[in-house]
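J.: I'd like to ask you about the structure that follows.
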Number of protein chains: 2
Amino acid sequence: MKLAVVGAGAVGRSVVRMAGEYGHTVTAVADSSGAAVDSDGLDAEAVLSRKSARGSVGAADPEDALATEYDALVEATPTTLGDAEPGFSHVRQALDRDRHVVLANKGPVAERYGEVRRHEAESEGEVLFEATVAGAIPVLGTIADYGPAQVTAVRGVLNGTANFILSRMAAEGLDYEHVLAEAQDLGVAEADPAFDVEGTDAALKCVILANVLGDGSHTLADAEVSGIVDIPPSALSLAEEDGRTVRLVGEATPTGIRVGPRLVPMESPLAVDGTENIVQLETTHAGTLALRGRGAGGDETASAVLADVARLDR
Amino acid sequence: MKLAVVGAGAVGRSVVRMAGEYGHTVTAVADSSGAAVDSDGLDAEAVLSRKSARGSVGAADPEDALATEYDALVEATPTTLGDAEPGFSHVRQALDRDRHVVLANKGPVAERYGEVRRHEAESEGEVLFEATVAGAIPVLGTIADYGPAQVTAVRGVLNGTANFILSRMAAEGLDYEHVLAEAQDLGVAEADPAFDVEGTDAALKCVILANVLGDGSHTLADAEVSGIVDIPPSALSLAEEDGRTVRLVGEATPTGIRVGPRLVPMESPLAVDGTENIVQLETTHAGTLALRGRGAGGDETASAVLADVARLDR
């Protein structure tokens, strides 16, 4: 397929680098300051080295990327809340042109899911967004195959940064600030970690899941969210004495979204360590299904984007 | 979709019972002694109660089931080795009529994969077989979405009966014969358990995986297989002293298939208990993905069959 990639962060760059290996052609790449466009297919390495050398993928107008020839738009700009712009408008422009959309950006499907689906219904294009929930883990594809009506609830550890901090606090008996600093040194946590440690990122993933399972009316405002910032090391050692530990667990049902620190047994599948994610699906006829793997990372998330592209290609 | 179900064992009966809930119509059901056919859709409950009351789903000729109107043939007759008949001929008849095929029967894709693919290439119909590997666990769908070329190896605990026996032997220090008898009382093991405990069932699943990952030339004859029959309780207690346990692990790569008892660390994801299955996919760009759930059971396997039907319906 011909792909136009909007957003040249870690995920966008990995999609550009990996697309050829998966048999696809990148006809456009845009970042906030410029774009590279070639309807016959761009030279990925050239675009990526220009990005690292000059800070931008190219000298063209970013709008040109959306106007060029492509089968699927890969929307990988940063997630924004509220109006979810500019992501939402990118999705709309692609659907208005009867093109497919593959989202890595959570905003449009977390904050304006109903509108996205209404525009999709009027388009020849389809919208897929596997990459928005738990990176490389095929949660949405599995729900689609089972049928959303057959999945009654989804529960999981959906933020690798928060999980890394909690596992380190439990393992070393260190306090939150100390481990956060360590995580920042390792590049596991952002300079401003609020989005991850306050539970917002996990909540957005649960909102998307609730929208897929339910009537699609949920937004972040409906989520009951608490983060890990106030957890004292003593809480973790108390839990450990009881054979349990604390994990930031997100839960989504067709009607509700909850994210917060939960006590889980040490041997529970939910007690994953480090930056790993795990997602449990409760099904009507197949019991509980657990999917575990890397929930973040450029190449990992890009492989979820390319899995959606493969679905659209069939 | 309209489904013709051939084979009325646990899986076939569950497909018949569940199809309506998933929005599909069953136009034919056949077992070894008879068939029920109605191109407008059968009354599932009536067919199933006739099966339990009189031992057969109906008075029609089983061949009529294959000749009736349907979009996808669900082939759920018992797995046979070698020529994989009568399953293989059922697949061929459906493809010759340009119909889709969904397999729960491992034989055709384990023993005659290349032929199945060649007939599929000449047909408008498609062949899917999620239910043949690890029941409810979406292994093949995940490989299809990632791209077989992006999955370098698959490793897993693929037989619930063998795993139940090993976990019980380890937990209770009991010997093989004792636990096997218990498993047979519980209905977890067949009266003739050879297919499960000698590793044949797990090997067939690995052969199918190797065919999907590689050139499709593998058969059971290529598999290096050893079972769990000769494992003494002492081996399990020795492993335990070392923080490990024994699991019947199957491995498939594009070029080879191995199944046998392996030492695995207690905390390894492979150390699942009871009848659960786990499958680990090694990927090129997304690290290791682990999928865990129920690897057997009528409804569980039927939900994998219906996931394939959903893929064909899109």
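The chains in the structure tokens are called A, B, ... from first to last as shown; in each chain the residues are counted from 1, and the ligands are counted from 1 in the order shown.
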Produce a table with one row for each residue of chain B that has an atom at most 7 Å from any atom of chain A, each row naming the nearest atom pair and its distance in Å at one decimal; use only C-alpha atoms; arrange rows by chain and rising residue number; format as a tab-separated table.
T.:
residue	atom	partner	partner_atom	distance
B:Ala136	CA	A:Ala286	CA	6.0
B:Pro138	CA	A:Thr142	CA	6.8
B:Thr142	CA	A:Pro138	CA	6.8
B:Asp145	CA	A:Ala307	CA	4.6
B:Tyr146	CA	A:Ala307	CA	5.1
B:His285	CA	A:Asp299	CA	5.6
B:Ala286	CA	A:Glu300	CA	4.3
B:Thr288	CA	A:Gly293	CA	6.2
B:Leu289	CA	A:Gly293	CA	4.7
B:Ala290	CA	A:Arg292	CA	5.0
B:Leu291	CA	A:Leu291	CA	4.7
B:Arg292	CA	A:Ala290	CA	5.0
B:Gly293	CA	A:Leu289	CA	4.7
B:Arg294	CA	A:Ala286	CA	6.8
B:Asp299	CA	A:His285	CA	5.6
B:Glu300	CA	A:Ala286	CA	4.3
B:Ser303	CA	A:His285	CA	6.7
B:Ala307	CA	A:Asp145	CA	4.6
B:Ala310	CA	A:Asp145	CA	6.0
B:Arg311	CA	A:Asp145	CA	6.5
J.: Would you please extract all helix (DSSP H, G or I) residues from region 57-300 of chain A, as assigned by DSSP on the backbone, and give them as JSON, numbers by chain?
T.: {"A": [62, 63, 64, 65, 66, 67, 87, 88, 89, 90, 91, 92, 93, 94, 95, 96, 107, 108, 109, 110, 111, 113, 114, 115, 116, 117, 118, 119, 120, 121, 130, 131, 132, 139, 140, 141, 142, 143, 144, 145, 146, 148, 149, 150, 160, 161, 162, 163, 164, 165, 166, 167, 168, 169, 170, 171, 172, 176, 177, 178, 179, 180, 181, 182, 183, 184, 185, 194, 195, 196, 197, 200, 201, 202, 203, 204, 205, 206, 207, 208, 209, 210, 211, 212, 213, 220, 221, 222, 233, 234, 235, 236, 237, 238, 239, 240, 241, 298, 299, 300]}
J.: Which residues are close to region 27-34 of chain B, i.e. within 10 Å by only C-alpha atoms, leaving aside same-chain residues fewer than 2 positions away? Reply as an MDAnalysis selection string.
T.: chainID B and resid 1:9 12:13 16 24:25 36:44 47:48 51 55:71 73:77
J.: Write to file, as a PDB file, in the first residue's frame, the residues of the selection just made, with C-alpha atoms.
T.:
ATOM      1  CA  MET B   1     -22.664 -15.749   6.766  1.00  0.00           C
ATOM      2  CA  LYS B   2     -24.223 -19.097   5.953  1.00  0.00           C
ATOM      3  CA  LEU B   3     -22.241 -21.922   7.557  1.00  0.00           C
ATOM      4  CA  ALA B   4     -22.194 -25.643   6.785  1.00  0.00           C
ATOM      5  CA  VAL B   5     -20.745 -27.537   9.737  1.00  0.00           C
ATOM      6  CA  VAL B   6     -19.200 -30.943   9.091  1.00  0.00           C
ATOM      7  CA  GLY B   7     -18.439 -32.861  12.271  1.00  0.00           C
ATOM      8  CA  ALA B   8     -20.718 -32.750  15.317  1.00  0.00           C
ATOM      9  CA  GLY B   9     -18.269 -33.367  18.150  1.00  0.00           C
ATOM     10  CA  GLY B  12     -18.978 -28.628  15.837  1.00  0.00           C
ATOM     11  CA  ARG B  13     -21.886 -28.613  18.298  1.00  0.00           C
ATOM     12  CA  VAL B  16     -23.923 -24.707  15.778  1.00  0.00           C
ATOM     13  CA  HIS B  24     -24.488 -16.236  11.269  1.00  0.00           C
ATOM     14  CA  THR B  25     -26.877 -18.892   9.922  1.00  0.00           C
ATOM     15  CA  ALA B  36     -29.596 -31.891   8.811  1.00  0.00           C
ATOM     16  CA  VAL B  37     -29.915 -29.424   5.930  1.00  0.00           C
ATOM     17  CA  ASP B  38     -31.993 -26.269   5.464  1.00  0.00           C
ATOM     18  CA  SER B  39     -30.739 -23.542   3.126  1.00  0.00           C
ATOM     19  CA  ASP B  40     -32.898 -21.023   5.039  1.00  0.00           C
ATOM     20  CA  GLY B  41     -31.194 -21.893   8.321  1.00  0.00           C
ATOM     21  CA  LEU B  42     -31.562 -24.743  10.790  1.00  0.00           C
ATOM     22  CA  ASP B  43     -33.050 -24.580  14.272  1.00  0.00           C
ATOM     23  CA  ALA B  44     -29.831 -25.125  16.249  1.00  0.00           C
ATOM     24  CA  VAL B  47     -30.573 -30.250  15.725  1.00  0.00           C
ATOM     25  CA  LEU B  48     -28.546 -30.499  18.924  1.00  0.00           C
ATOM     26  CA  LYS B  51     -28.066 -35.373  18.239  1.00  0.00           C
ATOM     27  CA  GLY B  55     -27.056 -39.937  18.302  1.00  0.00           C
ATOM     28  CA  SER B  56     -27.264 -38.219  14.928  1.00  0.00           C
ATOM     29  CA  VAL B  57     -28.043 -34.641  13.855  1.00  0.00           C
ATOM     30  CA  GLY B  58     -30.499 -35.799  11.205  1.00  0.00           C
ATOM     31  CA  ALA B  59     -31.669 -38.338   8.646  1.00  0.00           C
ATOM     32  CA  ALA B  60     -30.217 -36.707   5.525  1.00  0.00           C
ATOM     33  CA  ASP B  61     -27.121 -38.014   3.731  1.00  0.00           C
ATOM     34  CA  PRO B  62     -23.938 -36.403   5.130  1.00  0.00           C
ATOM     35  CA  GLU B  63     -22.959 -35.620   1.514  1.00  0.00           C
ATOM     36  CA  ASP B  64     -26.028 -33.346   1.262  1.00  0.00           C
ATOM     37  CA  ALA B  65     -24.451 -31.051   3.856  1.00  0.00           C
ATOM     38  CA  LEU B  66     -21.503 -30.399   1.525  1.00  0.00           C
ATOM     39  CA  ALA B  67     -23.802 -29.882  -1.447  1.00  0.00           C
ATOM     40  CA  THR B  68     -26.079 -27.305   0.177  1.00  0.00           C
ATOM     41  CA  GLU B  69     -25.903 -23.515   0.081  1.00  0.00           C
ATOM     42  CA  TYR B  70     -23.248 -21.969   2.353  1.00  0.00           C
ATOM     43  CA  ASP B  71     -20.582 -19.239   2.406  1.00  0.00           C
ATOM     44  CA  LEU B  73     -17.600 -24.730   5.379  1.00  0.00           C
ATOM     45  CA  VAL B  74     -16.652 -25.373   9.010  1.00  0.00           C
ATOM     46  CA  GLU B  75     -14.600 -28.583   8.919  1.00  0.00           C
ATOM     47  CA  ALA B  76     -14.707 -30.018  12.454  1.00  0.00           C
ATOM     48  CA  THR B  77     -14.333 -33.748  11.869  1.00  0.00           C
TER      49      THR B  77
END
J.: Ranking B:Glu224, B:Glu240, B:Asp175, B:Glu251 by minimum distance to Lys205 (chain B) and counting only C-alpha atoms, which one comes first?
T.: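 Checking each candidate against Lys205 (chain B), we get B:Glu251 as the closest.
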J.: Go ahead and align chain B to chain A (same sequence, so just pair every C-alpha in order, least squares) and export the moved chain as a CSV table (one decimal) with C-alpha atoms, in the first residue's frame.
T.:
chain,number,residue,atom,x,y,z
B,1,MET,CA,0.0,0.0,0.0
B,2,LYS,CA,1.0,3.6,-0.4
B,3,LEU,CA,1.3,5.3,3.0
B,4,ALA,CA,1.4,9.0,4.0
B,5,VAL,CA,2.9,9.4,7.4
B,6,VAL,CA,2.0,12.5,9.4
B,7,GLY,CA,4.1,12.9,12.5
B,8,ALA,CA,7.8,12.1,12.6
B,9,GLY,CA,8.4,11.2,16.2
B,10,ALA,CA,9.7,7.8,17.2
B,11,VAL,CA,6.6,5.9,15.9
B,12,GLY,CA,6.3,7.8,12.6
B,13,ARG,CA,10.1,7.4,11.9
B,14,SER,CA,9.9,3.7,12.6
B,15,VAL,CA,6.9,3.3,10.3
B,16,VAL,CA,8.9,5.1,7.6
B,17,ARG,CA,12.0,2.9,8.2
B,18,MET,CA,10.0,-0.4,8.3
B,19,ALA,CA,7.3,0.1,5.7
B,20,GLY,CA,9.4,-1.2,2.8
B,21,GLU,CA,10.3,-4.4,4.6
B,22,TYR,CA,6.5,-5.0,4.9
B,23,GLY,CA,6.0,-4.4,1.2
B,24,HIS,CA,4.6,-0.9,1.4
B,25,THR,CA,5.6,2.4,-0.1
B,26,VAL,CA,5.8,5.7,1.8
B,27,THR,CA,4.7,8.6,-0.5
B,28,ALA,CA,4.8,11.4,2.1
B,29,VAL,CA,6.2,12.1,5.5
B,30,ALA,CA,5.3,15.3,7.5
B,31,ASP,CA,6.5,16.7,10.7
B,32,SER,CA,5.5,20.0,12.4
B,33,SER,CA,7.9,22.1,10.3
B,34,GLY,CA,8.0,20.4,6.9
B,35,ALA,CA,7.3,17.5,4.6
B,36,ALA,CA,8.8,15.2,2.0
B,37,VAL,CA,6.5,14.0,-0.8
B,38,ASP,CA,7.0,11.7,-3.7
B,39,SER,CA,4.0,9.8,-5.2
B,40,ASP,CA,6.4,7.2,-6.5
B,41,GLY,CA,7.8,6.5,-3.1
B,42,LEU,CA,10.4,8.3,-0.9
B,43,ASP,CA,13.8,7.1,0.0
B,44,ALA,CA,13.2,6.3,3.7
B,45,GLU,CA,16.9,6.5,4.7
B,46,ALA,CA,17.3,9.9,3.0
B,47,VAL,CA,14.2,11.3,4.7
B,48,LEU,CA,15.3,10.0,8.1
B,49,SER,CA,18.8,11.3,7.9
B,50,ARG,CA,17.5,14.7,6.8
B,51,LYS,CA,15.3,14.6,9.9
B,52,SER,CA,18.2,13.9,12.2
B,53,ALA,CA,20.6,16.3,10.5
B,54,ARG,CA,18.3,19.3,9.9
B,55,GLY,CA,15.4,18.6,12.3
B,56,SER,CA,12.8,18.3,9.6
B,57,VAL,CA,11.9,15.6,7.1
B,58,GLY,CA,11.8,18.0,4.2
B,59,ALA,CA,11.2,21.5,2.8
B,60,ALA,CA,7.7,20.9,1.4
B,61,ASP,CA,4.5,22.2,3.1
B,62,PRO,CA,3.2,19.7,5.7
B,63,GLU,CA,-0.3,20.2,4.0
B,64,ASP,CA,1.2,18.7,0.8
B,65,ALA,CA,1.7,15.4,2.6
B,66,LEU,CA,-2.1,15.1,3.2
B,67,ALA,CA,-2.8,16.1,-0.4
B,68,THR,CA,-0.6,13.6,-2.1
B,69,GLU,CA,-1.4,10.1,-3.4
B,70,TYR,CA,-1.8,7.4,-0.7
B,71,ASP,CA,-4.0,4.4,0.3
B,72,ALA,CA,-3.7,4.9,4.0
B,73,LEU,CA,-2.9,7.9,6.2
B,74,VAL,CA,-0.7,7.0,9.2
B,75,GLU,CA,-1.6,9.6,11.8
B,76,ALA,CA,1.3,9.6,14.3
B,77,THR,CA,1.2,13.2,15.6
B,78,PRO,CA,1.3,13.6,19.4
B,79,THR,CA,-1.9,12.8,21.3
B,80,THR,CA,-3.8,15.9,22.2
B,81,LEU,CA,-6.9,16.1,24.5
B,82,GLY,CA,-10.2,17.9,24.1
B,83,ASP,CA,-10.6,18.6,20.3
B,84,ALA,CA,-7.8,16.1,19.5
B,85,GLU,CA,-6.4,18.5,16.9
B,86,PRO,CA,-4.7,18.5,14.5
B,87,GLY,CA,-5.1,14.7,14.5
B,88,PHE,CA,-8.9,14.8,14.1
B,89,SER,CA,-8.7,17.1,11.1
B,90,HIS,CA,-6.1,14.8,9.5
B,91,VAL,CA,-8.4,11.8,10.0
B,92,ARG,CA,-11.3,13.7,8.5
B,93,GLN,CA,-9.4,14.9,5.5
B,94,ALA,CA,-8.3,11.4,4.7
B,95,LEU,CA,-11.8,10.0,5.1
B,96,ASP,CA,-13.3,12.8,2.9
B,97,ARG,CA,-10.9,11.6,0.2
B,98,ASP,CA,-12.1,8.0,0.7
B,99,ARG,CA,-8.7,6.9,2.1
B,100,HIS,CA,-8.0,4.6,5.0
B,101,VAL,CA,-6.6,5.9,8.3
B,102,VAL,CA,-4.3,4.1,10.7
B,103,LEU,CA,-3.9,6.0,14.0
B,104,ALA,CA,-1.0,5.9,16.5
B,105,ASN,CA,-2.4,9.1,18.0
B,106,LYS,CA,-4.9,8.3,20.7
B,107,GLY,CA,-6.7,11.7,20.7
B,108,PRO,CA,-9.3,11.2,17.9
B,109,VAL,CA,-10.5,7.8,19.1
B,110,ALA,CA,-10.4,8.7,22.8
B,111,GLU,CA,-11.9,12.2,22.7
B,112,ARG,CA,-14.0,12.2,19.5
B,113,TYR,CA,-14.7,8.5,18.7
B,114,GLY,CA,-18.4,9.0,17.7
B,115,GLU,CA,-17.4,11.7,15.2
B,116,VAL,CA,-14.6,9.6,13.8
B,117,ARG,CA,-17.0,6.7,13.3
B,118,ARG,CA,-19.7,8.9,11.6
B,119,HIS,CA,-17.1,10.3,9.1
B,120,GLU,CA,-15.9,6.7,8.5
B,121,ALA,CA,-19.5,5.6,7.8
B,122,GLU,CA,-19.7,8.2,5.0
B,123,SER,CA,-16.4,7.2,3.5
B,124,GLU,CA,-15.0,4.4,1.5
B,125,GLY,CA,-12.1,4.5,3.9
B,126,GLU,CA,-11.7,2.6,7.1
B,127,VAL,CA,-10.1,3.7,10.4
B,128,LEU,CA,-8.0,1.3,12.5
B,129,PHE,CA,-6.0,2.1,15.6
B,130,GLU,CA,-4.3,-1.0,17.1
B,131,ALA,CA,-1.2,1.1,17.9
B,132,THR,CA,-3.2,3.4,20.3
B,133,VAL,CA,-3.6,0.6,22.9
B,134,ALA,CA,-0.7,-1.3,24.4
B,135,GLY,CA,1.9,-0.8,21.6
B,136,ALA,CA,2.8,-4.1,20.0
B,137,ILE,CA,0.1,-6.1,21.8
B,138,PRO,CA,-2.7,-7.1,19.4
B,139,VAL,CA,-5.6,-6.1,21.7
B,140,LEU,CA,-8.0,-4.4,19.2
B,141,GLY,CA,-7.4,-6.9,16.4
B,142,THR,CA,-8.3,-9.7,18.9
B,143,ILE,CA,-11.4,-7.9,20.0
B,144,ALA,CA,-12.4,-7.3,16.4
B,145,ASP,CA,-12.0,-11.0,15.6
B,146,TYR,CA,-13.9,-12.2,18.7
B,147,GLY,CA,-16.5,-9.6,18.2
B,148,PRO,CA,-16.8,-6.7,20.6
B,149,ALA,CA,-20.1,-8.1,21.9
B,150,GLN,CA,-18.2,-11.2,23.1
B,151,VAL,CA,-15.7,-9.2,25.2
B,152,THR,CA,-17.3,-8.2,28.5
B,153,ALA,CA,-14.4,-6.4,30.1
B,154,VAL,CA,-10.7,-5.5,29.5
B,155,ARG,CA,-8.2,-5.2,32.4
B,156,GLY,CA,-4.5,-4.5,32.1
B,157,VAL,CA,-1.3,-2.9,33.0
B,158,LEU,CA,-1.2,-0.3,30.2
B,159,ASN,CA,1.6,2.1,31.0
B,160,GLY,CA,5.2,0.9,31.0
B,161,THR,CA,6.6,4.0,32.7
B,162,ALA,CA,4.3,3.7,35.7
B,163,ASN,CA,4.9,-0.1,35.8
B,164,PHE,CA,8.7,0.4,35.7
B,165,ILE,CA,8.5,2.8,38.6
B,166,LEU,CA,6.3,0.5,40.7
B,167,SER,CA,8.4,-2.6,40.1
B,168,ARG,CA,11.6,-0.8,41.0
B,169,MET,CA,10.1,0.7,44.1
B,170,ALA,CA,8.9,-2.7,45.2
B,171,ALA,CA,12.1,-4.5,44.3
B,172,GLU,CA,14.5,-1.9,45.9
B,173,GLY,CA,12.3,-0.4,48.6
B,174,LEU,CA,13.1,3.1,47.1
B,175,ASP,CA,10.7,6.0,47.2
B,176,TYR,CA,8.8,7.4,44.2
B,177,GLU,CA,11.0,10.5,43.5
B,178,HIS,CA,14.2,8.4,43.6
B,179,VAL,CA,12.9,5.8,41.1
B,180,LEU,CA,11.4,8.5,38.9
B,181,ALA,CA,14.8,10.3,38.6
B,182,GLU,CA,16.3,6.9,37.7
B,183,ALA,CA,13.6,6.3,35.1
B,184,GLN,CA,14.2,9.7,33.6
B,185,ASP,CA,18.0,9.0,33.4
B,186,LEU,CA,17.2,5.7,31.6
B,187,GLY,CA,14.8,7.5,29.2
B,188,VAL,CA,11.9,5.3,30.5
B,189,ALA,CA,10.1,8.4,31.9
B,190,GLU,CA,9.7,11.8,30.2
B,191,ALA,CA,11.1,15.1,31.7
B,192,ASP,CA,7.4,15.8,32.5
B,193,PRO,CA,6.1,12.4,33.6
B,194,ALA,CA,2.6,13.6,34.5
B,195,PHE,CA,0.9,12.0,31.5
B,196,ASP,CA,2.2,8.5,32.5
B,197,VAL,CA,2.4,8.6,36.4
B,198,GLU,CA,-1.0,10.4,36.9
B,199,GLY,CA,-2.7,7.6,34.9
B,200,THR,CA,-3.8,9.8,31.9
B,201,ASP,CA,-2.1,7.7,29.3
B,202,ALA,CA,-3.5,4.4,30.7
B,203,ALA,CA,-7.0,6.1,31.0
B,204,LEU,CA,-6.9,7.1,27.3
B,205,LYS,CA,-6.3,3.5,26.3
B,206,CYS,CA,-9.2,2.4,28.5
B,207,VAL,CA,-11.4,5.1,27.0
B,208,ILE,CA,-10.6,3.8,23.5
B,209,LEU,CA,-11.3,0.2,24.7
B,210,ALA,CA,-14.6,1.2,26.3
B,211,ASN,CA,-15.6,3.0,23.0
B,212,VAL,CA,-14.8,-0.2,21.1
B,213,LEU,CA,-16.8,-2.4,23.5
B,214,GLY,CA,-19.7,0.0,24.0
B,215,ASP,CA,-21.7,2.7,22.3
B,216,GLY,CA,-18.6,4.8,21.5
B,217,SER,CA,-19.7,7.8,23.6
B,218,HIS,CA,-16.8,7.8,26.1
B,219,THR,CA,-14.2,10.5,26.6
B,220,LEU,CA,-11.4,11.0,29.1
B,221,ALA,CA,-13.9,13.0,31.2
B,222,ASP,CA,-15.8,9.8,32.0
B,223,ALA,CA,-12.7,8.0,33.4
B,224,GLU,CA,-12.2,7.5,37.1
B,225,VAL,CA,-8.4,8.0,37.3
B,226,SER,CA,-5.8,8.0,40.0
B,227,GLY,CA,-2.1,7.7,39.5
B,228,ILE,CA,1.0,6.4,41.4
B,229,VAL,CA,2.5,9.6,42.6
B,230,ASP,CA,1.4,9.3,46.2
B,231,ILE,CA,2.2,5.6,46.8
B,232,PRO,CA,4.7,5.3,49.7
B,233,PRO,CA,7.3,2.5,49.7
B,234,SER,CA,5.6,1.3,52.9
B,235,ALA,CA,2.5,0.4,50.9
B,236,LEU,CA,4.6,-1.8,48.6
B,237,SER,CA,6.4,-3.6,51.5
B,238,LEU,CA,3.0,-4.1,53.3
B,239,ALA,CA,1.6,-5.7,50.1
B,240,GLU,CA,4.7,-7.9,49.7
B,241,GLU,CA,4.3,-9.3,53.3
B,242,ASP,CA,0.9,-10.4,52.1
B,243,GLY,CA,2.2,-12.0,48.9
B,244,ARG,CA,0.9,-9.2,46.8
B,245,THR,CA,2.2,-6.1,45.0
B,246,VAL,CA,0.8,-2.9,43.6
B,247,ARG,CA,0.2,-2.3,39.9
B,248,LEU,CA,-1.4,0.6,38.0
B,249,VAL,CA,-4.4,-1.3,36.6
B,250,GLY,CA,-6.8,0.0,34.0
B,251,GLU,CA,-10.2,-1.4,33.5
B,252,ALA,CA,-12.7,-0.9,30.7
B,253,THR,CA,-16.2,-2.2,30.2
B,254,PRO,CA,-18.9,-1.2,27.7
B,255,THR,CA,-20.1,1.3,30.3
B,256,GLY,CA,-17.2,2.5,32.4
B,257,ILE,CA,-13.5,3.2,32.8
B,258,ARG,CA,-11.4,3.0,35.9
B,259,VAL,CA,-7.6,3.5,36.3
B,260,GLY,CA,-5.7,3.3,39.6
B,261,PRO,CA,-3.2,1.5,41.8
B,262,ARG,CA,-4.5,-2.0,42.7
B,263,LEU,CA,-3.2,-4.8,45.0
B,264,VAL,CA,-2.5,-7.8,42.8
B,265,PRO,CA,-1.2,-11.2,43.9
B,266,MET,CA,2.6,-11.7,43.1
B,267,GLU,CA,1.6,-14.7,40.9
B,268,SER,CA,-1.1,-12.9,39.1
B,269,PRO,CA,-0.5,-12.4,35.4
B,270,LEU,CA,-1.1,-8.7,36.1
B,271,ALA,CA,2.1,-8.5,38.2
B,272,VAL,CA,4.4,-7.9,35.1
B,273,ASP,CA,7.7,-6.3,35.7
B,274,GLY,CA,9.5,-3.3,34.2
B,275,THR,CA,8.1,-1.7,31.1
B,276,GLU,CA,6.1,-4.7,29.9
B,277,ASN,CA,2.3,-4.4,29.5
B,278,ILE,CA,-0.4,-7.1,29.9
B,279,VAL,CA,-4.0,-7.0,28.8
B,280,GLN,CA,-6.6,-9.5,30.0
B,281,LEU,CA,-9.8,-9.9,27.9
B,282,GLU,CA,-12.9,-11.4,29.6
B,283,THR,CA,-14.9,-13.2,27.0
B,284,THR,CA,-18.4,-14.7,26.9
B,285,HIS,CA,-17.3,-18.2,25.6
B,286,ALA,CA,-13.5,-18.4,25.9
B,287,GLY,CA,-12.8,-17.4,29.5
B,288,THR,CA,-9.9,-15.0,30.1
B,289,LEU,CA,-7.4,-14.3,27.4
B,290,ALA,CA,-4.1,-12.7,28.4
B,291,LEU,CA,-1.9,-10.8,25.9
B,292,ARG,CA,1.6,-9.7,27.1
B,293,GLY,CA,4.4,-7.8,25.5
B,294,ARG,CA,6.0,-4.5,24.8
B,295,GLY,CA,3.5,-1.7,25.3
B,296,ALA,CA,5.7,1.1,23.9
B,297,GLY,CA,8.7,1.9,21.7
B,298,GLY,CA,9.0,3.2,18.2
B,299,ASP,CA,9.5,-0.1,16.3
B,300,GLU,CA,7.0,-2.0,18.6
B,301,THR,CA,4.2,0.6,18.0
B,302,ALA,CA,5.1,0.8,14.3
B,303,SER,CA,4.6,-2.9,14.0
B,304,ALA,CA,1.1,-2.5,15.4
B,305,VAL,CA,0.5,0.3,12.8
B,306,LEU,CA,1.8,-2.0,10.0
B,307,ALA,CA,-0.5,-4.8,11.3
B,308,ASP,CA,-3.4,-2.5,10.8
B,309,VAL,CA,-2.1,-1.7,7.3
B,310,ALA,CA,-2.0,-5.4,6.6
B,311,ARG,CA,-5.6,-5.8,7.7
B,312,LEU,CA,-6.6,-2.9,5.3
B,313,ASP,CA,-4.6,-4.5,2.5
B,314,ARG,CA,-6.5,-7.8,2.7
